[in-house]
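Data block below; observations after.
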Amino acid sequence: MAPVNDPKVFLIFGNGWIAGQLKDLLRKSGKTVITSPARTENREQVLGDLNLHKPDRVINCAGIRGLPNVDWCEDHKVETMRSNVLGALNLVDCCFQLGIHITHVGSACIFDRDITLSDEKPFTEEDEPNYSASWFSRSRLICENAISHYPNLLLLRIRVPIGADLNPNNLITKLMKYDKLLSVPASGSILPNLLPGAILLSEHAETGIYNLISPEPFTNNEIMELVKKHVRPSLTWENFELADQNKVLKAPRCNPIYNPAKLVSKLAELGYHVKNSHEALEDLVLEMKQKGIK
């Protein structure tokens, strides 16, 4: 299904891993893609770029996650808040003032569950977030509360993004570097299958919150078994418990499970199929193998 007003010009804020993948997909589909150099928290810079380029759509991928992981945010609290809260709010508000639709790539790491219980219902977009134990998650929760009421906003929540490469932000890359892993079922975002859907939602000017999550939870062990089978046969690891993991982290992690029925249904209306996580993971790891990644 084609958008009623086919957007041609996309202005992207952010220059990271996910932004790069979105830009490649947009360019392949014939869109004009412009990367803004503006600091999202600088209102004059943001308004200057919006007025200069007059985009049909804005996508915000700017934000701080921290490397090698989100523990970085615990020691850089001001930088995290300025980017993840002030910058996002400023950009969304500027787009609102100019009547521009904006897609904000947010985080699904604002929910958690008791992993000892097996009968908890998966979270939906209607549930109230319940997790802010890490500074990264706190910043993302504050951000969501600040911007979610804007009528020009599509807010996409992602979690532990996975791609067919060895980028430092890829969950696979991180897991391959660890000797010990926690392996409990949780939801995640398998990007090669989900990002085309994200672009469709933006093109159609959808608004509100969507969990950009692959259907069906999976474990770290399942990911590693696939990588070991198809990419790196020498891969080895051990498992440990949640209490042991927390001892080596500056901030605890969440392990939520989501119900992405809203996303799957809307994208089906637009003619796009969202794969279940196990199919999408298998396809992704085979793509890594075809690329010669080892």
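Residues are referred to by chain and number: the chain letter is A, B, ... according to the order shown in the structure tokens, the number counts from 1 in that chain, and ligands are numbered separately from 1 in the order shown.
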
Residues of range 159-266 of chain A classed as alpha helix (DSSP H) by DSSP on the backbone are to be reported as a VMD selection string. chain A and resid 171 to 177 191 to 203 220 to 230 242 to 247 261 to 266

Would you please work out which residue, of A:Ala108, A:Leu195, A:Val227, A:Leu154, is nearest to Gly20 in chain A when using only C-alpha atoms? A:Leu195

Picked from range 11-167 of chain A by DSSP as strand (DSSP E), as a ChimeraX atom specification: /A:11-13,32-36,57-60,101-107,153-158

Test item: residues at most 7 Å from range 64-70 of chain A, only C-alpha atoms, excluding those fewer than 4 positions along its chain, as a ChimeraX atom specification: /A:80,83-84,136

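For range 231-240 of chain A, the list of residues within 10 Å, based on only C-alpha atoms and with local chain neighbours fewer than 4 positions off taken out, reads Leu175, Met176, Lys177, Tyr178, Asp179, Lys180, Leu181, Leu182, Ser183, Asn220, Asn221, Met224, Glu225, Leu226, Val227, Asp244, Gln245, Val285, Leu286, Glu287, Met288, Lys289, Gln290, Lys291, Gly292, Ile293 and Lys294 of chain A.
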
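Taking CA of Pro260 in chain A and CA of Asp283 in chain A as the two end points, the separation is 19.8 Å.
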
Extract, using only C-alpha atoms, all DNA, RNA and protein residues at most 7 Å from range 38-40 of chain A, discarding same-chain residues fewer than 3 positions from it, and format them as an MDAnalysis selection string. chainID A and resid 45:46 87:88 90:91

Write out as number ranges by chain which residues come within 12 Å of Asn259 in chain A when counting only C-alpha atoms, dropping same-chain ones fewer than 2 positions away. A: 108, 120-127, 186-188, 210-217, 256-257, 261-265, 276

Prev. selection, N, CA, C and O atoms, output as an mmCIF file, in the first residue's frame:
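Result file follows (selection-v6.cif):
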data_model
loop_
_atom_site.group_PDB
_atom_site.id
_atom_site.type_symbol
_atom_site.label_atom_id
_atom_site.label_comp_id
_atom_site.auth_asym_id
_atom_site.auth_seq_id
_atom_site.Cartn_x
_atom_site.Cartn_y
_atom_site.Cartn_z
ATOM 1 N N ALA A 108 13.013 -0.068 24.367
ATOM 2 C CA ALA A 108 12.059 -0.930 25.067
ATOM 3 C C ALA A 108 12.598 -1.375 26.420
ATOM 4 O O ALA A 108 11.938 -2.160 27.114
ATOM 5 N N GLU A 120 3.624 -14.679 33.512
ATOM 6 C CA GLU A 120 3.406 -13.243 33.355
ATOM 7 C C GLU A 120 3.021 -12.911 31.918
ATOM 8 O O GLU A 120 3.576 -13.470 30.978
ATOM 9 N N LYS A 121 2.093 -11.998 31.762
ATOM 10 C CA LYS A 121 1.661 -11.608 30.419
ATOM 11 C C LYS A 121 2.734 -10.753 29.749
ATOM 12 O O LYS A 121 3.332 -9.881 30.396
ATOM 13 N N PRO A 122 2.983 -10.964 28.458
ATOM 14 C CA PRO A 122 3.918 -10.099 27.735
ATOM 15 C C PRO A 122 3.419 -8.647 27.736
ATOM 16 O O PRO A 122 2.206 -8.391 27.733
ATOM 17 N N PHE A 123 4.345 -7.719 27.721
ATOM 18 C CA PHE A 123 3.991 -6.305 27.756
ATOM 19 C C PHE A 123 3.489 -5.836 26.385
ATOM 20 O O PHE A 123 3.979 -6.268 25.348
ATOM 21 N N THR A 124 2.528 -4.923 26.419
ATOM 22 C CA THR A 124 2.032 -4.287 25.201
ATOM 23 C C THR A 124 2.242 -2.781 25.312
ATOM 24 O O THR A 124 2.676 -2.266 26.346
ATOM 25 N N GLU A 125 1.887 -2.078 24.257
ATOM 26 C CA GLU A 125 2.017 -0.627 24.239
ATOM 27 C C GLU A 125 1.077 0.045 25.239
ATOM 28 O O GLU A 125 1.262 1.229 25.577
ATOM 29 N N GLU A 126 0.080 -0.686 25.706
ATOM 30 C CA GLU A 126 -0.885 -0.123 26.654
ATOM 31 C C GLU A 126 -0.402 -0.183 28.101
ATOM 32 O O GLU A 126 -0.965 0.489 28.968
ATOM 33 N N ASP A 127 0.635 -0.975 28.359
ATOM 34 C CA ASP A 127 1.120 -1.126 29.730
ATOM 35 C C ASP A 127 1.998 0.054 30.148
ATOM 36 O O ASP A 127 2.667 0.677 29.321
ATOM 37 N N ALA A 186 13.854 -13.569 26.485
ATOM 38 C CA ALA A 186 13.538 -12.144 26.471
ATOM 39 C C ALA A 186 13.319 -11.720 25.023
ATOM 40 O O ALA A 186 13.686 -12.431 24.091
ATOM 41 N N SER A 187 12.718 -10.574 24.846
ATOM 42 C CA SER A 187 12.424 -10.078 23.502
ATOM 43 C C SER A 187 13.562 -9.234 22.962
ATOM 44 O O SER A 187 14.346 -8.664 23.724
ATOM 45 N N GLY A 188 13.635 -9.142 21.637
ATOM 46 C CA GLY A 188 14.657 -8.328 20.999
ATOM 47 C C GLY A 188 14.236 -7.875 19.622
ATOM 48 O O GLY A 188 13.192 -8.291 19.096
ATOM 49 N N TYR A 210 4.940 2.119 19.134
ATOM 50 C CA TYR A 210 4.983 0.743 18.648
ATOM 51 C C TYR A 210 6.213 0.061 19.238
ATOM 52 O O TYR A 210 7.308 0.638 19.228
ATOM 53 N N ASN A 211 6.027 -1.150 19.725
ATOM 54 C CA ASN A 211 7.168 -1.971 20.127
ATOM 55 C C ASN A 211 7.767 -2.584 18.866
ATOM 56 O O ASN A 211 7.171 -3.481 18.270
ATOM 57 N N LEU A 212 8.925 -2.065 18.433
ATOM 58 C CA LEU A 212 9.598 -2.587 17.239
ATOM 59 C C LEU A 212 10.397 -3.820 17.662
ATOM 60 O O LEU A 212 11.618 -3.813 17.744
ATOM 61 N N ILE A 213 9.652 -4.875 17.913
ATOM 62 C CA ILE A 213 10.168 -6.096 18.526
ATOM 63 C C ILE A 213 9.789 -7.294 17.665
ATOM 64 O O ILE A 213 8.655 -7.385 17.187
ATOM 65 N N SER A 214 10.716 -8.213 17.483
ATOM 66 C CA SER A 214 10.426 -9.436 16.744
ATOM 67 C C SER A 214 9.541 -10.362 17.575
ATOM 68 O O SER A 214 9.797 -10.549 18.766
ATOM 69 N N PRO A 215 8.506 -10.938 16.974
ATOM 70 C CA PRO A 215 7.616 -11.838 17.721
ATOM 71 C C PRO A 215 8.368 -13.055 18.264
ATOM 72 O O PRO A 215 9.242 -13.600 17.594
ATOM 73 N N GLU A 216 8.015 -13.452 19.465
ATOM 74 C CA GLU A 216 8.556 -14.599 20.188
ATOM 75 C C GLU A 216 9.903 -14.263 20.838
ATOM 76 O O GLU A 216 10.826 -13.791 20.169
ATOM 77 N N PRO A 217 9.997 -14.506 22.149
ATOM 78 C CA PRO A 217 11.273 -14.274 22.846
ATOM 79 C C PRO A 217 12.312 -15.317 22.438
ATOM 80 O O PRO A 217 11.979 -16.358 21.860
ATOM 81 N N PRO A 256 12.646 -8.108 29.599
ATOM 82 C CA PRO A 256 11.209 -8.105 29.327
ATOM 83 C C PRO A 256 10.833 -8.980 28.130
ATOM 84 O O PRO A 256 11.646 -9.256 27.250
ATOM 85 N N ILE A 257 9.578 -9.390 28.120
ATOM 86 C CA ILE A 257 8.990 -10.069 26.971
ATOM 87 C C ILE A 257 7.800 -9.241 26.503
ATOM 88 O O ILE A 257 6.962 -8.831 27.309
ATOM 89 N N ALA A 261 1.898 -7.563 18.781
ATOM 90 C CA ALA A 261 0.745 -7.763 17.903
ATOM 91 C C ALA A 261 0.337 -6.470 17.191
ATOM 92 O O ALA A 261 -0.078 -6.495 16.027
ATOM 93 N N LYS A 262 0.447 -5.347 17.868
ATOM 94 C CA LYS A 262 0.083 -4.065 17.259
ATOM 95 C C LYS A 262 0.953 -3.788 16.039
ATOM 96 O O LYS A 262 0.452 -3.387 14.976
ATOM 97 N N LEU A 263 2.253 -4.010 16.178
ATOM 98 C CA LEU A 263 3.186 -3.801 15.065
ATOM 99 C C LEU A 263 2.897 -4.774 13.930
ATOM 100 O O LEU A 263 2.810 -4.368 12.760
ATOM 101 N N VAL A 264 2.759 -6.047 14.263
ATOM 102 C CA VAL A 264 2.537 -7.074 13.240
ATOM 103 C C VAL A 264 1.258 -6.791 12.469
ATOM 104 O O VAL A 264 1.215 -6.890 11.229
ATOM 105 N N SER A 265 0.201 -6.400 13.175
ATOM 106 C CA SER A 265 -1.086 -6.131 12.541
ATOM 107 C C SER A 265 -1.015 -4.917 11.620
ATOM 108 O O SER A 265 -1.494 -4.946 10.479
ATOM 109 N N ASN A 276 8.822 -14.197 12.686
ATOM 110 C CA ASN A 276 9.059 -14.517 14.085
ATOM 111 C C ASN A 276 10.565 -14.521 14.341
ATOM 112 O O ASN A 276 11.376 -14.633 13.412
#
